[in-house]
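Trainee: For reference, this is run.txt, and it has compact mmCIF, C-alpha atoms.
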```txt
# COMPACT_ATOMS: atom_id res chain seq x y z
CA MET A 1 60.26 123.29 188.79
CA PRO A 2 62.83 120.50 189.18
CA SER A 3 61.86 117.68 191.50
CA HIS A 4 64.03 116.78 194.48
CA GLN A 5 66.26 113.82 193.65
CA GLN A 6 63.50 112.14 191.71
CA ARG A 7 64.12 108.47 192.22
CA ARG A 8 64.20 106.35 189.11
CA ARG A 9 62.67 102.99 189.71
CA PRO A 10 64.66 99.96 188.61
CA ARG A 11 61.78 98.97 186.38
CA ALA A 12 61.10 96.09 188.69
CA VAL A 13 57.75 95.22 187.17
CA VAL A 14 59.22 93.93 183.91
CA PRO A 15 61.37 91.23 185.54
CA LEU A 16 58.50 90.51 187.89
CA LEU A 17 56.07 89.87 185.06
CA ALA A 18 58.70 87.95 183.14
CA GLY A 19 59.49 85.91 186.22
CA LEU A 20 55.87 84.99 186.75
CA VAL A 21 55.51 83.89 183.14
CA VAL A 22 58.78 81.97 183.14
CA ALA A 23 57.92 80.28 186.40
CA ALA A 24 54.58 79.16 185.02
CA ILE A 25 56.16 77.81 181.85
CA VAL A 26 59.04 76.11 183.66
CA GLY A 27 56.62 74.62 186.16
CA GLY A 28 54.54 73.18 183.33
CA VAL A 29 57.59 71.72 181.62
CA TRP A 30 58.86 70.23 184.88
CA ALA A 31 55.49 68.62 185.55
CA ALA A 32 55.47 67.09 182.09
CA THR A 33 59.00 65.70 182.24
CA ALA A 34 59.67 64.86 185.87
CA THR A 35 57.30 61.90 186.31
CA PRO A 36 59.24 59.14 188.17
CA THR A 37 60.06 55.99 186.20
CA SER A 38 58.44 52.72 187.23
CA SER A 39 60.25 50.07 189.35
CA HIS A 40 60.37 47.79 186.28
CA ALA A 41 62.08 50.50 184.27
CA ARG A 42 64.60 51.11 187.07
CA ALA A 43 65.35 47.39 187.27
CA THR A 44 65.73 46.82 183.56
CA GLY A 45 67.12 50.17 182.52
CA GLY A 46 64.27 50.50 180.10
CA ALA A 47 61.93 53.45 179.82
CA ALA A 48 58.53 53.12 181.38
CA THR A 49 55.53 53.95 179.25
CA GLN A 50 54.13 57.23 180.54
CA PRO A 51 51.10 59.22 179.45
CA VAL A 52 51.98 62.00 177.06
CA ALA A 53 51.58 65.28 178.90
CA GLU A 54 49.28 67.86 177.39
CA PRO A 55 51.00 71.17 176.59
CA SER A 56 50.66 73.69 179.41
CA ALA A 57 48.11 76.44 178.86
CA PRO A 58 49.62 79.91 178.49
CA PRO A 59 49.71 81.66 181.85
CA GLY A 60 47.01 84.24 182.46
CA PRO A 61 47.59 87.78 183.73
CA PRO A 62 49.29 87.91 187.13
CA ALA A 63 47.43 88.97 190.26
CA CYS A 64 47.50 92.73 190.76
CA ALA A 65 48.71 92.36 194.34
CA ALA A 66 51.92 90.77 193.06
CA VAL A 67 52.49 93.50 190.49
CA VAL A 68 51.81 96.27 193.02
CA ALA A 69 54.25 94.65 195.45
CA GLY A 70 56.95 94.82 192.78
CA LEU A 71 56.68 98.61 192.49
CA SER A 72 58.49 101.14 194.62
CA GLU A 73 56.42 103.36 196.86
CA ARG A 74 56.94 106.36 194.57
CA ASP A 75 56.02 104.39 191.49
CA ARG A 76 52.81 103.15 193.09
CA LEU A 77 51.86 106.78 193.69
CA ALA A 78 52.88 107.72 190.15
CA GLN A 79 50.43 105.19 188.75
CA ARG A 80 47.66 107.29 190.28
CA LEU A 81 48.60 110.41 188.33
CA MET A 82 47.34 111.41 184.91
CA VAL A 83 49.26 114.44 183.73
CA GLY A 84 48.91 116.81 180.84
CA VAL A 85 51.31 116.64 177.91
CA ASP A 86 51.90 119.01 175.04
CA ALA A 87 50.45 117.36 171.95
CA ALA A 88 52.83 119.44 169.84
CA ASP A 89 55.85 117.91 171.62
CA PRO A 90 55.98 114.11 171.29
CA VAL A 91 59.55 113.95 172.63
CA GLY A 92 58.57 115.88 175.73
CA ALA A 93 55.59 113.61 176.34
CA ALA A 94 57.80 110.52 176.21
CA GLU A 95 60.30 112.16 178.57
CA ILE A 96 57.60 112.86 181.18
CA VAL A 97 56.62 109.20 181.12
CA ARG A 98 60.23 108.01 181.19
CA THR A 99 61.28 110.14 184.16
CA ALA A 100 58.15 110.29 186.31
CA HIS A 101 56.64 106.84 185.53
CA VAL A 102 53.13 108.32 185.60
CA GLY A 103 50.27 105.97 185.00
CA GLY A 104 48.54 108.13 182.42
CA ILE A 105 48.77 111.16 180.19
CA PHE A 106 46.05 113.53 179.04
CA VAL A 107 46.21 114.93 175.50
CA GLY A 108 44.34 118.23 175.36
CA GLY A 109 44.26 121.21 173.07
CA LYS A 110 44.15 121.23 169.29
CA ALA A 111 47.72 120.25 168.41
CA THR A 112 47.96 116.85 166.73
CA ALA A 113 51.65 115.91 166.38
CA LEU A 114 51.43 113.41 169.22
CA LEU A 115 48.43 111.76 167.57
CA ARG A 116 50.06 111.28 164.17
CA ASN A 117 52.70 108.98 162.72
CA ASP A 118 52.56 106.49 165.60
CA LYS A 119 54.17 108.97 168.02
CA LEU A 120 52.27 107.52 170.96
CA ALA A 121 54.09 104.23 170.44
CA ALA A 122 57.28 105.99 171.54
CA VAL A 123 55.50 107.17 174.69
CA GLN A 124 54.52 103.59 175.48
CA SER A 125 58.07 102.41 174.78
CA ALA A 126 59.37 104.89 177.36
CA ALA A 127 57.39 103.18 180.14
CA ALA A 128 57.82 99.93 182.02
CA LEU A 129 54.03 99.63 182.38
CA PRO A 130 51.35 100.49 179.83
CA VAL A 131 50.40 104.16 179.91
CA THR A 132 46.77 105.24 179.78
CA VAL A 133 46.40 107.81 176.99
CA ALA A 134 43.27 109.88 177.53
CA VAL A 135 41.44 112.55 175.57
CA ASP A 136 38.06 114.23 175.89
CA ASP A 137 36.41 113.58 172.55
CA GLU A 138 32.69 114.06 173.08
CA GLY A 139 31.67 115.66 169.80
CA GLY A 140 30.47 119.17 169.11
CA ARG A 141 32.55 121.76 170.97
CA VAL A 142 34.72 119.19 172.74
CA GLN A 143 36.77 117.13 170.28
CA ARG A 144 40.42 116.14 169.84
CA ILE A 145 40.81 114.35 166.51
CA ASP A 146 38.31 116.26 164.39
CA LYS A 147 41.14 117.82 162.36
CA LEU A 148 42.48 114.35 161.65
CA ASP A 149 39.44 112.12 161.33
CA GLY A 150 36.45 114.40 160.92
CA SER A 151 33.97 116.02 163.25
CA MET A 152 31.27 114.43 165.40
CA PRO A 153 28.00 116.16 166.20
CA SER A 154 27.30 117.28 169.75
CA ALA A 155 25.52 114.99 172.17
CA ARG A 156 22.37 117.10 172.00
CA ARG A 157 22.33 116.98 168.21
CA MET A 158 22.91 113.23 168.20
CA ALA A 159 19.98 112.61 170.53
CA ALA A 160 17.72 114.96 168.58
CA SER A 161 18.44 113.59 165.10
CA MET A 162 19.64 109.97 165.41
CA THR A 163 18.58 106.64 166.81
CA PRO A 164 20.58 105.02 169.61
CA GLU A 165 21.78 102.43 167.08
CA GLN A 166 23.18 105.19 164.87
CA VAL A 167 24.90 106.78 167.87
CA ARG A 168 26.39 103.44 168.82
CA ALA A 169 27.82 103.19 165.30
CA ILE A 170 29.28 106.69 165.62
CA GLY A 171 30.81 105.73 168.97
CA PHE A 172 32.35 102.61 167.48
CA GLU A 173 33.82 104.38 164.48
CA ARG A 174 35.26 107.15 166.62
CA GLY A 175 36.63 104.58 169.04
CA ARG A 176 38.29 102.76 166.18
CA GLN A 177 39.92 106.00 165.05
CA LEU A 178 41.10 106.82 168.57
CA ARG A 179 42.62 103.38 169.08
CA ALA A 180 44.37 103.57 165.72
CA ARG A 181 46.08 106.74 166.94
CA GLY A 182 47.11 105.20 170.27
CA VAL A 183 44.40 106.63 172.51
CA THR A 184 43.10 104.18 175.12
CA MET A 185 40.63 106.24 177.19
CA ASN A 186 37.97 108.80 176.36
CA PHE A 187 36.47 111.15 178.93
CA ALA A 188 33.05 110.66 177.39
CA PRO A 189 30.13 110.36 177.24
CA THR A 190 28.81 113.24 179.29
CA VAL A 191 25.86 111.97 181.28
CA ASP A 192 24.91 115.33 182.75
CA VAL A 193 21.19 116.03 182.53
CA GLY A 194 20.18 119.49 181.36
CA ALA A 195 18.88 121.81 178.68
CA ARG A 196 20.86 124.97 179.27
CA PRO A 197 21.74 127.12 176.22
CA ALA A 198 23.95 125.28 173.76
CA GLY A 199 27.07 127.35 174.44
CA SER A 200 26.93 127.19 178.25
CA VAL A 201 29.46 125.06 180.10
CA ILE A 202 27.44 121.85 179.62
CA GLY A 203 24.75 123.03 177.22
CA ASP A 204 24.77 120.89 174.08
CA ARG A 205 27.30 118.54 175.64
CA ALA A 206 24.30 116.97 177.40
CA PHE A 207 22.14 114.58 175.41
CA SER A 208 18.93 115.87 176.97
CA ASP A 209 17.16 117.25 180.02
CA ASP A 210 15.31 113.91 180.21
CA PRO A 211 17.37 111.39 182.19
CA ASP A 212 15.85 108.47 180.29
CA VAL A 213 17.07 109.94 176.99
CA VAL A 214 20.50 110.55 178.50
CA ILE A 215 20.67 106.94 179.67
CA ARG A 216 19.73 105.51 176.25
CA TYR A 217 22.07 107.65 174.20
CA ALA A 218 25.02 107.66 176.60
CA ARG A 219 24.80 103.88 176.77
CA ALA A 220 24.78 103.62 172.99
CA PHE A 221 27.79 105.89 172.51
CA ALA A 222 29.71 104.18 175.33
CA GLU A 223 29.01 100.67 174.08
CA GLY A 224 30.26 101.62 170.62
CA GLN A 225 33.47 103.02 172.07
CA ARG A 226 34.00 99.99 174.29
CA GLU A 227 33.46 97.62 171.38
CA ALA A 228 36.28 99.46 169.61
CA GLY A 229 38.57 98.94 172.61
CA VAL A 230 38.38 102.38 174.24
CA THR A 231 37.75 102.77 177.97
CA VAL A 232 34.92 105.24 178.54
CA VAL A 233 34.62 107.60 181.49
CA LEU A 234 31.18 108.95 182.41
CA LYS A 235 31.11 112.51 183.74
CA HIS A 236 30.59 114.71 185.81
CA PHE A 237 29.47 112.94 188.99
CA PRO A 238 27.21 113.79 190.79
CA GLY A 239 25.86 116.00 187.98
CA HIS A 240 26.85 119.29 186.37
CA GLY A 241 23.76 119.79 184.22
CA HIS A 242 21.86 121.98 186.69
CA ALA A 243 24.89 123.63 188.31
CA SER A 244 25.00 127.39 188.82
CA GLY A 245 28.02 128.16 186.65
CA ASP A 246 31.26 126.96 185.09
CA SER A 247 33.78 125.18 187.32
CA HIS A 248 36.52 126.15 184.86
CA LYS A 249 35.99 129.72 186.06
CA GLY A 250 35.22 129.28 189.75
CA ARG A 251 33.11 127.50 192.34
CA VAL A 252 29.67 126.33 191.31
CA SER A 253 26.73 124.90 193.21
CA THR A 254 24.27 122.20 192.23
CA PRO A 255 20.81 121.51 193.61
CA PRO A 256 20.74 119.47 196.85
CA GLN A 257 21.34 115.73 196.73
CA ASP A 258 17.66 114.78 196.90
CA ARG A 259 17.03 116.90 193.79
CA LEU A 260 20.02 115.37 192.01
CA GLU A 261 18.69 111.90 192.77
CA ARG A 262 15.53 112.60 190.78
CA ASP A 263 17.39 113.49 187.58
CA ASP A 264 21.15 114.02 187.55
CA LEU A 265 22.17 110.85 189.36
CA ARG A 266 19.86 108.47 187.53
CA PRO A 267 22.30 107.77 184.65
CA TYR A 268 24.88 106.52 187.15
CA SER A 269 22.37 104.27 188.85
CA ALA A 270 21.19 102.84 185.52
CA LEU A 271 24.55 102.50 183.76
CA VAL A 272 27.31 101.78 186.28
CA GLY A 273 25.49 100.46 189.32
CA PRO A 274 25.65 96.72 190.10
CA GLY A 275 24.57 94.80 187.02
CA GLY A 276 24.49 97.94 184.90
CA PRO A 277 25.54 97.64 181.25
CA LEU A 278 28.64 99.80 181.80
CA ALA A 279 29.48 98.68 185.35
CA ASP A 280 32.53 96.66 184.34
CA GLY A 281 35.45 98.25 182.56
CA SER A 282 34.23 101.86 182.60
CA GLY A 283 35.31 104.85 184.67
CA VAL A 284 33.54 107.73 186.37
CA MET A 285 34.83 111.30 186.61
CA VAL A 286 33.98 113.34 189.70
CA GLY A 287 33.37 117.03 189.08
CA HIS A 288 34.35 120.12 191.06
CA LEU A 289 30.83 120.77 192.30
CA ASP A 290 29.45 122.09 195.57
CA VAL A 291 26.42 120.03 196.56
CA PRO A 292 24.43 121.44 199.49
CA GLY A 293 24.26 118.96 202.32
CA LEU A 294 26.84 116.63 200.76
CA THR A 295 30.11 118.42 200.07
CA ASP A 296 30.14 120.73 203.12
CA GLY A 297 32.45 123.43 201.81
CA LEU A 298 34.71 121.42 199.50
CA PRO A 299 34.22 120.60 195.82
CA ALA A 300 32.85 117.11 195.18
CA SER A 301 36.20 115.95 193.78
CA LEU A 302 37.81 116.54 197.20
CA THR A 303 34.97 115.29 199.42
CA PRO A 304 35.03 111.78 200.96
CA ALA A 305 31.22 111.67 201.22
CA VAL A 306 30.94 111.96 197.43
CA TYR A 307 33.16 108.93 196.85
CA ARG A 308 31.25 107.00 199.52
CA LEU A 309 28.03 107.86 197.68
CA LEU A 310 29.43 106.60 194.38
CA ARG A 311 30.99 103.45 195.85
CA GLY A 312 28.32 102.70 198.42
CA GLU A 313 24.84 103.83 197.44
CA TYR A 314 25.52 103.56 193.71
CA GLY A 315 27.68 100.44 194.02
CA PHE A 316 30.35 101.45 191.51
CA ASP A 317 33.54 99.42 191.86
CA GLY A 318 35.47 100.68 188.85
CA LEU A 319 38.02 103.41 188.22
CA VAL A 320 37.22 106.84 189.66
CA ILE A 321 39.03 109.89 188.25
CA THR A 322 38.91 113.53 189.28
CA ASP A 323 38.12 116.31 186.89
CA ASP A 324 41.11 118.52 186.07
CA LEU A 325 42.77 119.62 189.31
CA GLY A 326 45.32 121.87 187.68
CA ALA A 327 43.60 124.30 185.36
CA MET A 328 40.03 124.63 186.66
CA LYS A 329 39.57 127.58 188.97
CA ALA A 330 37.04 125.84 191.20
CA ILE A 331 40.18 124.07 192.48
CA SER A 332 43.17 126.20 191.51
CA ASN A 333 41.77 129.38 193.13
CA ARG A 334 41.97 127.64 196.52
CA PHE A 335 44.53 124.83 196.31
CA THR A 336 47.98 124.21 194.94
CA LEU A 337 48.15 121.21 192.65
CA PRO A 338 50.10 119.06 195.16
CA ARG A 339 47.62 119.83 197.93
CA ALA A 340 44.60 119.23 195.70
CA THR A 341 46.05 115.92 194.55
CA VAL A 342 46.71 114.69 198.08
CA THR A 343 43.22 115.75 199.17
CA ALA A 344 41.51 114.07 196.20
CA LEU A 345 43.33 110.77 196.64
CA GLN A 346 42.73 110.84 200.38
CA ALA A 347 39.02 111.46 199.71
CA GLY A 348 38.72 108.37 197.53
CA ALA A 349 39.76 109.09 193.95
CA ASP A 350 41.82 106.41 192.23
CA VAL A 351 43.40 108.82 189.74
CA ALA A 352 44.13 112.53 190.00
CA LEU A 353 43.91 114.29 186.64
CA SER A 354 45.79 117.47 185.83
CA SER A 355 46.00 119.00 182.38
CA ASN A 356 49.03 121.08 183.40
CA VAL A 357 52.18 120.38 181.43
CA ALA A 358 54.60 120.54 184.36
CA PRO A 359 57.06 118.30 186.22
CA ALA A 360 55.32 115.64 188.29
CA GLY A 361 58.05 115.67 190.94
CA PRO A 362 56.48 118.20 193.35
CA VAL A 363 53.18 116.30 193.34
CA LEU A 364 54.92 112.98 193.92
CA ASP A 365 56.97 114.52 196.74
CA ALA A 366 53.74 115.68 198.42
CA LEU A 367 52.15 112.26 197.99
CA GLU A 368 55.17 110.53 199.50
CA ARG A 369 55.00 112.81 202.53
CA ALA A 370 51.27 112.13 202.87
CA LEU A 371 51.89 108.40 202.74
CA ALA A 372 54.67 108.66 205.32
CA ASP A 373 52.62 110.65 207.83
CA GLY A 374 49.48 108.55 207.39
CA THR A 375 47.41 111.14 205.53
CA LEU A 376 47.20 108.54 202.78
CA SER A 377 46.59 104.97 203.85
CA ALA A 378 49.11 102.51 202.42
CA ALA A 379 46.43 99.81 202.13
CA ASP A 380 44.01 102.17 200.37
CA ASN A 381 46.81 103.31 198.08
CA ASP A 382 47.64 99.73 197.08
CA ARG A 383 43.98 98.98 196.37
CA ALA A 384 43.71 102.06 194.14
CA VAL A 385 46.91 101.14 192.28
CA ALA A 386 45.52 97.64 191.73
CA ARG A 387 42.37 99.16 190.20
CA VAL A 388 44.48 101.37 187.93
CA LEU A 389 46.59 98.44 186.73
CA ALA A 390 43.58 96.16 186.28
CA ALA A 391 41.85 98.82 184.18
CA LYS A 392 44.89 98.78 181.88
CA GLY A 393 44.84 94.99 181.62
CA VAL A 394 48.23 94.64 183.31
CA CYS A 395 46.89 92.23 185.92
CA VAL A 396 43.76 90.72 187.46
CA ASP A 397 42.48 92.28 190.66
CA ARG A 398 41.50 89.35 192.87
CA SER A 399 40.93 91.38 196.05
```
Write out the structure in this file as structure tokens.
Mentor:
Amino acid sequence: MPSHQQRRRPRAVVPLLAGLVVAAIVGGVWAATATPTSSHARATGGAATQPVAEPSAPPGPPACAAVVAGLSERDRLAQRLMVGVDAADPVGAAEIVRTAHVGGIFVGGKATALLRNDKLAAVQSAAALPVTVAVDDEGGRVQRIDKLDGSMPSARRMAASMTPEQVRAIGFERGRQLRARGVTMNFAPTVDVGARPAGSVIGDRAFSDDPDVVIRYARAFAEGQREAGVTVVLKHFPGHGHASGDSHKGRVSTPPQDRLERDDLRPYSALVGPGGPLADGSGVMVGHLDVPGLTDGLPASLTPAVYRLLRGEYGFDGLVITDDLGAMKAISNRFTLPRATVTALQAGADVALSSNVAPAGPVLDALERALADGTLSAADNDRAVARVLAAKGVCVDRS
């Protein structure tokens, strides 16, 4: 579907960043050369002896507020979208980024053309701001580069047959391979707690039904990935391991919150809570889960109380991403993609993920209307955009 008069931004952020850097450099040069001459020098025409100025330090990253202010309203909203691209169509992926200015792309499926021969560099070149390139590469049944770089065992197999140190090494090596192919974010590790049959929706994607084992092994895998330069995203908050079914196929229910707190939520408290080893620089994915007494009729990914729980009680201040809003029937059976996206961002998500390969225009149109009528708060939107940009290293969030 073509978007309505999709406005191309004038790529304002590039001159903004350049201007900040130039201003810092020029200011340093001016300070080093504009020291007034002494009265003796003015009287005699001679040059006064002045201290030799130290070279100015290179400017650091700009403040995120300044970068956000340099973006158009539509482009701020676009930074909060992560859209699906066809991994068999590198040209199409670059065109989506060039025309819609989305903040991230998700590479799903088994095609590999986009992950070979430096094709992702062309995607980055099509954007004025760095693009987050995400995959879900957990190991076992859920992998993306196994045809290119070899297979990883499932989480359950890793925990059953390896030490945490060995799993950290696997995480690092896989992270190195992902980065070499241009991937910057991995929707892994799964920190769901459960021991359902291996082929069930979570099954062997979970390290264990013991939360302490999940914490040890998820931390090891995540720290290896982070050391290799990949941003990790823990999933599926508040816990899919004991859910009643598969949210790809329809609505599912979890045990009540007090039951989740005993097992399913413990990895989040231990790993991304204040002072946790993964608290800084990691993300959390919110699942499409009905939690009795918490979600009140909506999936967790669309429920404000769930984001308040993650931000408040669990103290997480990093990037929060929805599970796939486009192709999972727990959402798509009830909501159009534009409506689901507006609802998720209004509820508290920083980034709305959709694996659909489709024009972003209709979603951006809906977000602009929501911002105009107050459904989305402009201040909240700017804070979320700042978190997105800070996670990509574009700027420093000093809020």
Trainee: Suppose you want the space between CA of Phe106 in chain A and CA of Ala134 in chain A; what is it in Å?
Mentor: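 Separation of CA of Phe106 in chain A and CA of Ala134 in chain A: 4.8 Å.
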Trainee: Could you work out how far CA of Arg179 in chain A lies from CA of Gln143 in chain A, giving the answer in Å with one decimal?
Mentor: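 Taking CA of Gln143 in chain A and CA of Arg179 in chain A, their separation equals 15.0 Å.
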Trainee: Using CA of Ser355 in chain A and CA of Val83 in chain A as the two end points, give the distance in Å to one decimal.
Mentor: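 Rounded to one decimal, the two atoms are 5.8 Å apart.
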Trainee: What's the 9 Å shell around Asn381 in chain A, counting only C-alpha atoms, without same-chain residues fewer than 2 positions away, as a PyMOL selection string?
Mentor: chain A and resi 76-77+80+345-346+350+371+376-379+383-386
Trainee: Keeping only C-alpha atoms, write those residues as an mmCIF file, in the frame of the given file.
Mentor:
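The file below, result.cif, is the result:
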```cif
data_model
loop_
_atom_site.group_PDB
_atom_site.id
_atom_site.type_symbol
_atom_site.label_atom_id
_atom_site.label_comp_id
_atom_site.auth_asym_id
_atom_site.auth_seq_id
_atom_site.Cartn_x
_atom_site.Cartn_y
_atom_site.Cartn_z
ATOM 1 C CA ARG A 76 52.810 103.150 193.090
ATOM 2 C CA LEU A 77 51.860 106.780 193.690
ATOM 3 C CA ARG A 80 47.660 107.290 190.280
ATOM 4 C CA LEU A 345 43.330 110.770 196.640
ATOM 5 C CA GLN A 346 42.730 110.840 200.380
ATOM 6 C CA ASP A 350 41.820 106.410 192.230
ATOM 7 C CA LEU A 371 51.890 108.400 202.740
ATOM 8 C CA LEU A 376 47.200 108.540 202.780
ATOM 9 C CA SER A 377 46.590 104.970 203.850
ATOM 10 C CA ALA A 378 49.110 102.510 202.420
ATOM 11 C CA ALA A 379 46.430 99.810 202.130
ATOM 12 C CA ARG A 383 43.980 98.980 196.370
ATOM 13 C CA ALA A 384 43.710 102.060 194.140
ATOM 14 C CA VAL A 385 46.910 101.140 192.280
ATOM 15 C CA ALA A 386 45.520 97.640 191.730
#
```
Trainee: Point out the residue among A:Met158, A:Ala198, A:Ile105, A:Val230 with the least atom-to-atom distance to Ala87 in chain A, counting all atoms listed in the file.
Mentor: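 When distances to Ala87 in chain A are compared using all atoms listed in the file, the smallest one comes from A:Ile105.
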Trainee: Taking 2 positions as the minimum chain separation for residues in the same chain, which residues sit within 12 Å of range 89-91 of chain A when counting all atoms listed in the file? Answer as an MDAnalysis selection string.
Mentor: chainID A and resid 84:87 93:98 105 107 111:126 357
Trainee: Have a look at A:Arg219, A:Arg339, A:Arg174, A:Arg168 and name the one nearest to Thr190 in chain A; count only C-alpha atoms.
Mentor: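 Smallest distance to Thr190 in chain A is found for A:Arg219.
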